[in-house]
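Read through the structure below, which is laid out as structure tokens, and then see the notes.
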Amino acid sequence: MSSRPVLDVLRRHRRAVAVGCGSSMVHQTCEALVPVAIGLAVARAVATGDVGAIALSVAGVLVLFAVLSSAGTFAFWVIDRAQFDEAHHLRTAVVRAVLRDPAVLRDRQVGDALSVATSDTRHTAEALGLVSFLASGCFGLLVAAVVLLRIDVALGLGLLVAVPLLVLGLQALTPRLEARVHDRQRTAGLAAAVAADLLAGLRPLRGFGGVPEAVRRYHHASSLSRRAAVGAAGATSVVVGVSTLATGAVLVATAAVAGTFVARGRLDVGEFVTVVGMASFLADPVRNISFCVQQLAVSRAGARRVAELLRPGGPRRPPDDSPAPPVPVPVPTVAGEVLGVVTTDTATADAVTAAFAAVPGALVEPAHTVLLGRTVADALASGPVPAGRGVPLTAALEAAAAPADLDLALHDGGTNVSGGQRQRIGLARALAADRELLVLRDPTTALDAVTEDRVAAGVRGLRAGAGTTVLVTSSPLLLSRCDRVVLLTAGGRHATGTHHDLLEDPDYAAAVTR
């Protein structure tokens, strides 16, 4: 997104905005003409008692309401559809950005990103409707001004002067409101992030007695969110209060002047009815304008947060269809081999895994497995398989020694199955994807020795010669089935050989036997 994200949204849906604006303007024009139609009926039909004129007037008002209703309904349908499409587009873009490059979350917590993907994307998409209804409100005011100018120039000119001043005054309040809303959404995201982190770590928190400290931290984050929400509500109340008072002043002044003109004989009864009806009608477009001005501040605040996540600092990423530059990895690989990587510390293992993950087309199965979907079959559906590749699900499940029941129900990421089952299903998912480069990080930590040996044999049998497989692990059973093993130490030392040969290395022996 550019530096003006709301304009990006409007450009993407310019046709829907144009159609929505046009239909809304027809709706507002018909609403503005209702007092005119009633005034004409009073002056030319009711006052004269002409039955034919009364019937014609009633028919005309019915037609006017039919057009009014149809245009309004069509406008809402077009704009709502565009808003849903845009919200979906932005949610997808946010999720894609996070999944493709986790670095975009380096200054954010997961809960904050979730707030952006849900609340802020919705507020941003709502700009489509706000712009359309803002335009229709202004057009309704223009129609009302023309009608009043035809009835009396003084009334029309007074409206043309008062209403722009009213709108400009409301616009002057929006920067303060936008800042307050942005702060509210930011602190709400942080509170959600703290809550998500605490719930994820609830078991260890209880284990070491950290619950009181966790409650204190969440209370602090929630208090910041509450204060920001109160500030935003106060700013919103100011805008609403000012617009209500200003609207009331316009209505009262218009009705008072019209009444004075009737007393002087300057207006007849039909014109008075039209003026009073028009004064009542003016509340709607003025209210719509003030509401749209207020909510556009919310949309801009949300759009800025979405744009910040989609456009993190640093150089812009290449488009989706451009080839990604090759990423050097710390361990040279040989096509078709099963390679074991042993590290002496977690940081080195993380760095090695991240380097392999950055290779285009690589698939990395982390040690912590999360299963997506409601059944095992859903969890194994990893997306399109490259042409000429693919492993049958039955073969993948067998190699991973995973449960073969594809209809087995999964709850909340697979938390209803044991850690070992979850790990094996995740491994089967990775094997079924059959990527040219498959990286497995500690794939058997939750398994007993017998099952681990079965899995080691299954992975070797399925992947040998089918693609490059990297096992970042310290499991002797897995390493013994690797074509080659590389040892990387925190000090930068490395050694290469088979598992049997490297057992004579003290660093290697300590890493795989502890």
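Here's how to read the names in the structure tokens: chain A, B, ... by the order shown, residue numbers from 1 in each chain, ligand numbers from 1 in the order shown.
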- Query: Can you list, as JSON, numbers by chain, every protein, DNA or RNA residue that comes within 12 Å of segment 389-393 of chain A when you count only C-alpha atoms, leaving out same-chain residues fewer than 5 positions away?
  - Reply: {"A": [376, 377, 378, 379, 380, 381, 382, 383, 384, 398, 399, 400, 401, 402, 403, 404, 405, 406, 425, 427, 428, 429, 430, 431, 432, 433, 434, 435, 436, 462, 463, 466, 467]}
- Contact residues around Gly277 of chain A with only C-alpha atoms at 12 Å, ignoring same-chain residues under 5 positions, as a ChimeraX atom specification: /A:31-40,144,147-148,251,254-255,258,270-272,282-284
- Query: With only C-alpha atoms as the basis for distance, which of A:Val61, A:Ala347, A:Leu68, A:Val275 is at the shortest distance from Arg150 of chain A?
  - Reply: A:Val275
- Between atom CA of Gly20 of chain A and atom CA of Thr73 of chain A, what is the distance, to one decimal in Å?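 Pair atom CA of Gly20 of chain A / atom CA of Thr73 of chain A returns 10.1 Å.
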Excluding same-chain residues fewer than 3 positions from segment 297-300 of chain A, what lies within 6 Å of it counting only C-alpha atoms, as a short mmCIF file (atom, residue, chain, number, x, y, z; two decimals) with N, CA, C and O atoms, in the first residue's frame?
data_model
loop_
_atom_site.label_atom_id
_atom_site.label_comp_id
_atom_site.auth_asym_id
_atom_site.auth_seq_id
_atom_site.Cartn_x
_atom_site.Cartn_y
_atom_site.Cartn_z
N HIS A 123 -12.28 -1.65 9.26
CA HIS A 123 -12.44 -0.19 9.28
C HIS A 123 -11.92 0.43 7.98
O HIS A 123 -12.50 1.40 7.47
N THR A 124 -10.83 -0.10 7.45
CA THR A 124 -10.28 0.43 6.20
C THR A 124 -11.27 0.23 5.06
O THR A 124 -11.51 1.15 4.26
N ALA A 127 -14.26 2.63 4.39
CA ALA A 127 -14.06 3.92 3.73
C ALA A 127 -14.85 3.99 2.43
O ALA A 127 -15.26 5.08 2.00
N GLU A 178 -8.85 11.18 15.02
CA GLU A 178 -8.08 10.14 14.36
C GLU A 178 -6.92 9.67 15.23
O GLU A 178 -6.65 8.47 15.34
N GLN A 294 -16.56 11.77 10.74
CA GLN A 294 -16.07 11.15 11.97
C GLN A 294 -15.50 9.75 11.70
O GLN A 294 -14.40 9.40 12.13
N ALA A 303 -6.38 2.16 8.36
CA ALA A 303 -5.62 1.98 7.12
C ALA A 303 -4.13 2.22 7.36
O ALA A 303 -3.28 1.54 6.76
#
- Residues within 6 Å of Ser136 of chain A, only C-alpha atoms, excluding chain neighbours under 3 positions, as a PyMOL selection string: chain A and resi 24-25+133+139
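Considering the residues A:Val240, A:Val470, A:Leu478, A:Ala409 and counting only C-alpha atoms, Phe291 of chain A has its shortest atom-to-atom contact with A:Val240.
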- Query: So how many Å separate atom CA of Thr121 of chain A and atom CA of His89 of chain A, to one decimal?
  - Reply: 8.8 Å
- Item | Close residues, Thr375 of chain A itself excluded, 6 Å, only C-alpha atoms, min 6 positions apart in chain, as a ChimeraX atom specification | /A:407-410
Based on the selection just made, write C-alpha atoms of those residues as a CSV table (one decimal), in the first residue's frame.
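Resulting contents of selection.csv:
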chain,number,residue,atom,x,y,z
A,407,ASP,CA,-11.6,-38.8,9.8
A,408,LEU,CA,-10.1,-38.5,13.3
A,409,ALA,CA,-11.4,-35.2,14.7
A,410,LEU,CA,-8.9,-32.5,15.7
- Item | Of the listed residues A:Val67, A:Val338, A:Val472, A:Leu10, that which approaches Ile79 of chain A most closely, counting only C-alpha atoms | A:Leu10
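Rounded to one decimal, atom CA of Gly492 of chain A and atom CA of Thr469 of chain A lie 23.0 Å from each other.
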